[in-house]
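Report on the structure given below.
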Amino acid sequence: MNTAWMFAAGALAAAAVGYQRVLRQPILNWGATDDEVNAALPGDELLPDPDGVSTRAITILARPEYVYPWLAQMGPDPRGGAYTYDWIENLLGLHMHSADNVLDDFQHPQIGDEIGLGPNTMRIEIAEPDHAFATRSADGNWVWAFTLVDRHDGTTRLISRNRFRLPRLVDRLGMLPMEPGSLIMERKMLHGIRDRAENLAGTGVHVT
């Protein structure tokens, strides 16, 4: 191996170590408190021994009943989208169109309902109005769960947790560049849900 290749390999190794030690946890746990990161949350039992976990959170100035409707209708057209960068989602063929209004047809999700997500099919496993919503991929390797914590002061903590299993080497290698990208998308999503919930609360309309 020549000097240039040795230098490049050393730089990559140093960058990987630096990412693991310094950047990875803030990326995986954006917005979440230590207590939230360490808490047992609804949906954890659906994938008990994950290879990785992300826990991200945001405070919403609205009660849980104004937040849950946006979770209940998430998914590709004709559902309500993902409230993130639609143009990026649609480059991947996901057919996302983020709605700014509550879609009555999708306000009563049932356990076992399936939501197509590109090559994945997500099955609704938890649908507890104003408290928790979780889906699991058909292969069982990914669980995406949301918990709504009523702070009893008119605000809600919305916690998004992803648990994933990486059975193949290619999956493990591919996850490293995906983690920063997932933060960009999920941060936008959490802000999108926050803004919609706060606007809905401002109207005083209750979704039934």
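Labels used: A, B, ... for chains in the order of the structure tokens, numbers from 1 for residues in each chain, and numbers from 1 for ligands as shown.
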Review point. What lies within 10 Å of segment 48-51 of chain A using only C-alpha atoms, ignoring chain neighbours under 3 positions off, as a list in words?
Key: Gly43, Asp44, Glu45, Asn141, Trp142, Val143, Asn162, Arg163, Phe164, Arg165, Leu166, Pro167 and Arg172 of chain A
Please produce a file of those selected residues containing C-alpha atoms, as a PDB file, in the first residue's frame.
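Output contents, as saved in selection10.pdb:
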ATOM      1  CA  GLY A  43     -43.211   0.021  20.751  1.00  0.00           C
ATOM      2  CA  ASP A  44     -39.915  -1.037  22.308  1.00  0.00           C
ATOM      3  CA  GLU A  45     -41.344  -4.506  22.842  1.00  0.00           C
ATOM      4  CA  ASN A 141     -36.300  -5.159  11.140  1.00  0.00           C
ATOM      5  CA  TRP A 142     -37.647  -1.646  11.713  1.00  0.00           C
ATOM      6  CA  VAL A 143     -40.061  -0.213  14.265  1.00  0.00           C
ATOM      7  CA  ASN A 162     -36.695   4.237  15.591  1.00  0.00           C
ATOM      8  CA  ARG A 163     -35.466   0.760  16.470  1.00  0.00           C
ATOM      9  CA  PHE A 164     -33.724  -1.222  13.753  1.00  0.00           C
ATOM     10  CA  ARG A 165     -32.002  -4.523  13.148  1.00  0.00           C
ATOM     11  CA  LEU A 166     -29.153  -4.725  10.629  1.00  0.00           C
ATOM     12  CA  PRO A 167     -28.802  -8.391   9.648  1.00  0.00           C
ATOM     13  CA  ARG A 172     -24.540  -1.951   8.807  1.00  0.00           C
TER      14      ARG A 172
END
Point to revise | strand (DSSP E or B) residues, from DSSP on the backbone, in segment 8-203 of chain A, as a ChimeraX atom specification | key: /A:52-60,75,81,114-117,120-128,132-137,142-150,156-164
Check your understanding: Excluding same-chain residues fewer than 2 positions from Glu198 of chain A, what lies within 8 Å of it counting only C-alpha atoms, as a ChimeraX atom specification?
Key -> /A:60-62,66,194-196,200-202
Check your understanding: Which is closest to Phe133 of chain A among A:Trp70, A:Ile58, A:Tyr85, A:Arg187, if we use only C-alpha atoms?
Key ->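 Among the listed residues, A:Trp70 lies closest to Phe133 of chain A.
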Near Thr84 of chain A, within 9 Å and counting only C-alpha atoms, which residues show up once chain neighbours fewer than 3 positions away are dropped, as a short mmCIF file (atom, residue, chain, number, x, y, z; two decimals) with N, CA and C atoms, in the first residue's frame?
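Saved to out-v7.cif:
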data_model
loop_
_atom_site.label_atom_id
_atom_site.label_comp_id
_atom_site.auth_asym_id
_atom_site.auth_seq_id
_atom_site.Cartn_x
_atom_site.Cartn_y
_atom_site.Cartn_z
N GLY A 81 -48.89 12.29 4.10
CA GLY A 81 -47.48 12.59 3.89
C GLY A 81 -46.66 12.40 5.16
N TRP A 87 -39.99 16.77 -1.72
CA TRP A 87 -39.25 16.58 -2.98
C TRP A 87 -38.16 15.53 -2.82
N ILE A 88 -37.57 15.44 -1.63
CA ILE A 88 -36.57 14.39 -1.40
C ILE A 88 -37.26 13.03 -1.32
N GLU A 89 -38.36 12.97 -0.56
CA GLU A 89 -39.11 11.71 -0.46
C GLU A 89 -39.53 11.21 -1.84
N SER A 98 -47.35 16.26 1.78
CA SER A 98 -47.65 16.63 3.16
C SER A 98 -48.88 17.51 3.24
N ILE A 184 -31.78 15.04 9.33
CA ILE A 184 -32.27 16.18 8.52
C ILE A 184 -33.75 16.00 8.22
N MET A 185 -34.13 14.79 7.81
CA MET A 185 -35.52 14.55 7.44
C MET A 185 -36.42 14.54 8.67
N GLU A 186 -35.98 13.89 9.75
CA GLU A 186 -36.86 13.75 10.91
C GLU A 186 -37.00 15.07 11.67
N ARG A 187 -35.94 15.86 11.71
CA ARG A 187 -36.05 17.18 12.34
C ARG A 187 -37.10 18.02 11.63
N LYS A 188 -37.07 18.00 10.29
CA LYS A 188 -38.07 18.73 9.51
C LYS A 188 -39.47 18.18 9.80
N MET A 189 -39.59 16.85 9.90
CA MET A 189 -40.88 16.23 10.19
C MET A 189 -41.42 16.66 11.54
N LEU A 190 -40.58 16.62 12.58
CA LEU A 190 -41.03 17.00 13.91
C LEU A 190 -41.46 18.47 13.94
N HIS A 191 -40.71 19.32 13.27
CA HIS A 191 -41.13 20.72 13.18
C HIS A 191 -42.44 20.84 12.41
N GLY A 192 -42.60 20.03 11.36
CA GLY A 192 -43.83 20.09 10.58
C GLY A 192 -45.04 19.67 11.39
#
Practice item. From segment 4-175 of chain A, collect each residue whose DSSP state is helix (DSSP H, G or I) and return the set as a PyMOL selection string. Key: chain A and resi 4-28+34-38+44-46+64-66+68-72+86-91+104-106+169-175
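Atom CA of Gly118 of chain A sits 7.6 Å away from atom CA of Leu92 of chain A.
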If we count only C-alpha atoms, what is near Gln107 of chain A at a cut-off of 7 Å, once residues fewer than 3 positions away on the same chain are taken out, given as a PDB file with N, CA, C and O atoms, in the first residue's frame?
ATOM      1  N   PRO A  69     -53.717  13.520  15.513  1.00  0.00           N
ATOM      2  CA  PRO A  69     -54.291  13.408  14.160  1.00  0.00           C
ATOM      3  C   PRO A  69     -53.260  13.413  13.044  1.00  0.00           C
ATOM      4  O   PRO A  69     -53.448  12.747  12.015  1.00  0.00           O
ATOM      5  N   ALA A  72     -51.728   9.895  12.927  1.00  0.00           N
ATOM      6  CA  ALA A  72     -52.679   8.888  12.452  1.00  0.00           C
ATOM      7  C   ALA A  72     -52.771   8.846  10.934  1.00  0.00           C
ATOM      8  O   ALA A  72     -53.019   7.778  10.354  1.00  0.00           O
ATOM      9  N   GLN A  73     -52.564   9.972  10.275  1.00  0.00           N
ATOM     10  CA  GLN A  73     -52.750  10.028   8.818  1.00  0.00           C
ATOM     11  C   GLN A  73     -51.445   9.990   8.032  1.00  0.00           C
ATOM     12  O   GLN A  73     -51.457  10.105   6.810  1.00  0.00           O
ATOM     13  N   LEU A 103     -57.160  14.834   7.647  1.00  0.00           N
ATOM     14  CA  LEU A 103     -57.882  14.016   6.677  1.00  0.00           C
ATOM     15  C   LEU A 103     -58.781  13.038   7.434  1.00  0.00           C
ATOM     16  O   LEU A 103     -58.309  12.075   8.050  1.00  0.00           O
ATOM     17  N   ASP A 104     -60.074  13.286   7.378  1.00  0.00           N
ATOM     18  CA  ASP A 104     -61.021  12.505   8.183  1.00  0.00           C
ATOM     19  C   ASP A 104     -60.946  11.007   7.898  1.00  0.00           C
ATOM     20  O   ASP A 104     -61.146  10.181   8.798  1.00  0.00           O
TER      21      ASP A 104
END
**Study point:** Shell of 10 Å around Ile126 of chain A, only C-alpha atoms, local chain residues under 2 positions omitted, as a VMD selection string
**Key:** chain A and resid 42 to 43 46 109 to 112 123 to 124 128 to 129 131 to 136 145 to 146
Restrict the selected residues to N, CA, C and O atoms and save them as an mmCIF file, in the first residue's frame.
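Result file follows (part_19.cif):
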data_model
loop_
_atom_site.group_PDB
_atom_site.id
_atom_site.type_symbol
_atom_site.label_atom_id
_atom_site.label_comp_id
_atom_site.auth_asym_id
_atom_site.auth_seq_id
_atom_site.Cartn_x
_atom_site.Cartn_y
_atom_site.Cartn_z
ATOM 1 N N PRO A 42 -43.629 2.929 24.501
ATOM 2 C CA PRO A 42 -44.482 2.041 23.702
ATOM 3 C C PRO A 42 -43.830 1.728 22.356
ATOM 4 O O PRO A 42 -43.320 2.626 21.676
ATOM 5 N N GLY A 43 -43.825 0.475 21.996
ATOM 6 C CA GLY A 43 -43.211 0.021 20.751
ATOM 7 C C GLY A 43 -41.872 -0.647 20.942
ATOM 8 O O GLY A 43 -41.415 -1.397 20.070
ATOM 9 N N LEU A 46 -41.729 -4.358 20.442
ATOM 10 C CA LEU A 46 -41.921 -4.905 19.097
ATOM 11 C C LEU A 46 -40.606 -5.323 18.449
ATOM 12 O O LEU A 46 -40.601 -6.098 17.491
ATOM 13 N N PRO A 109 -57.001 4.805 12.563
ATOM 14 C CA PRO A 109 -56.188 3.660 12.137
ATOM 15 C C PRO A 109 -56.424 2.460 13.040
ATOM 16 O O PRO A 109 -56.669 2.596 14.244
ATOM 17 N N GLN A 110 -56.347 1.280 12.438
ATOM 18 C CA GLN A 110 -56.608 0.042 13.159
ATOM 19 C C GLN A 110 -55.346 -0.831 13.166
ATOM 20 O O GLN A 110 -54.549 -0.813 12.220
ATOM 21 N N ILE A 111 -55.183 -1.598 14.234
ATOM 22 C CA ILE A 111 -54.076 -2.537 14.296
ATOM 23 C C ILE A 111 -54.169 -3.497 13.104
ATOM 24 O O ILE A 111 -55.225 -4.060 12.827
ATOM 25 N N GLY A 112 -53.058 -3.631 12.415
ATOM 26 C CA GLY A 112 -53.029 -4.506 11.245
ATOM 27 C C GLY A 112 -53.148 -3.765 9.935
ATOM 28 O O GLY A 112 -52.831 -4.333 8.885
ATOM 29 N N ARG A 123 -46.735 -2.036 9.033
ATOM 30 C CA ARG A 123 -47.985 -2.498 9.634
ATOM 31 C C ARG A 123 -48.223 -1.742 10.934
ATOM 32 O O ARG A 123 -47.325 -1.635 11.772
ATOM 33 N N ILE A 124 -49.408 -1.195 11.104
ATOM 34 C CA ILE A 124 -49.737 -0.482 12.334
ATOM 35 C C ILE A 124 -49.845 -1.493 13.473
ATOM 36 O O ILE A 124 -50.612 -2.456 13.400
ATOM 37 N N GLU A 128 -53.013 4.248 19.809
ATOM 38 C CA GLU A 128 -53.677 4.693 21.025
ATOM 39 C C GLU A 128 -53.857 6.203 20.944
ATOM 40 O O GLU A 128 -52.894 6.946 21.131
ATOM 41 N N PRO A 129 -55.066 6.663 20.622
ATOM 42 C CA PRO A 129 -55.279 8.101 20.412
ATOM 43 C C PRO A 129 -54.714 8.944 21.547
ATOM 44 O O PRO A 129 -54.895 8.635 22.731
ATOM 45 N N HIS A 131 -51.860 9.215 22.659
ATOM 46 C CA HIS A 131 -50.815 8.641 23.510
ATOM 47 C C HIS A 131 -49.671 7.998 22.726
ATOM 48 O O HIS A 131 -48.506 8.311 22.965
ATOM 49 N N ALA A 132 -49.984 7.094 21.786
ATOM 50 C CA ALA A 132 -48.904 6.365 21.118
ATOM 51 C C ALA A 132 -49.363 5.861 19.758
ATOM 52 O O ALA A 132 -50.531 5.524 19.563
ATOM 53 N N PHE A 133 -48.400 5.796 18.829
ATOM 54 C CA PHE A 133 -48.652 5.291 17.479
ATOM 55 C C PHE A 133 -47.369 4.627 17.013
ATOM 56 O O PHE A 133 -46.286 5.216 17.101
ATOM 57 N N ALA A 134 -47.450 3.374 16.539
ATOM 58 C CA ALA A 134 -46.249 2.662 16.116
ATOM 59 C C ALA A 134 -46.535 1.771 14.928
ATOM 60 O O ALA A 134 -47.610 1.178 14.818
ATOM 61 N N THR A 135 -45.531 1.661 14.051
ATOM 62 C CA THR A 135 -45.600 0.756 12.904
ATOM 63 C C THR A 135 -44.347 -0.115 12.897
ATOM 64 O O THR A 135 -43.297 0.261 13.418
ATOM 65 N N ARG A 136 -44.493 -1.297 12.264
ATOM 66 C CA ARG A 136 -43.358 -2.222 12.137
ATOM 67 C C ARG A 136 -43.270 -2.698 10.696
ATOM 68 O O ARG A 136 -44.291 -2.994 10.062
ATOM 69 N N ALA A 145 -41.905 4.346 16.219
ATOM 70 C CA ALA A 145 -42.927 4.580 17.228
ATOM 71 C C ALA A 145 -42.904 6.029 17.701
ATOM 72 O O ALA A 145 -41.846 6.631 17.851
ATOM 73 N N PHE A 146 -44.097 6.547 17.951
ATOM 74 C CA PHE A 146 -44.262 7.899 18.483
ATOM 75 C C PHE A 146 -44.964 7.822 19.826
ATOM 76 O O PHE A 146 -45.954 7.104 19.978
#
**Study point:** Point-to-point distance from atom CA of Asp100 of chain A to atom CA of Ala82 of chain A, Å rounded to tenths
**Key:** 10.9 Å
Review point. In Å to one decimal, how far is atom CA of Phe106 of chain A from atom CA of Glu179 of chain A?
Key: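 Distance reported for this atom pair: 29.5 Å.
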Revision key, fill the gap. In terms of only C-alpha atoms, the residue from A:Thr147, A:Asn120, A:Ser182, A:Thr155 at minimal distance from Ala40 of chain A is A:Thr147
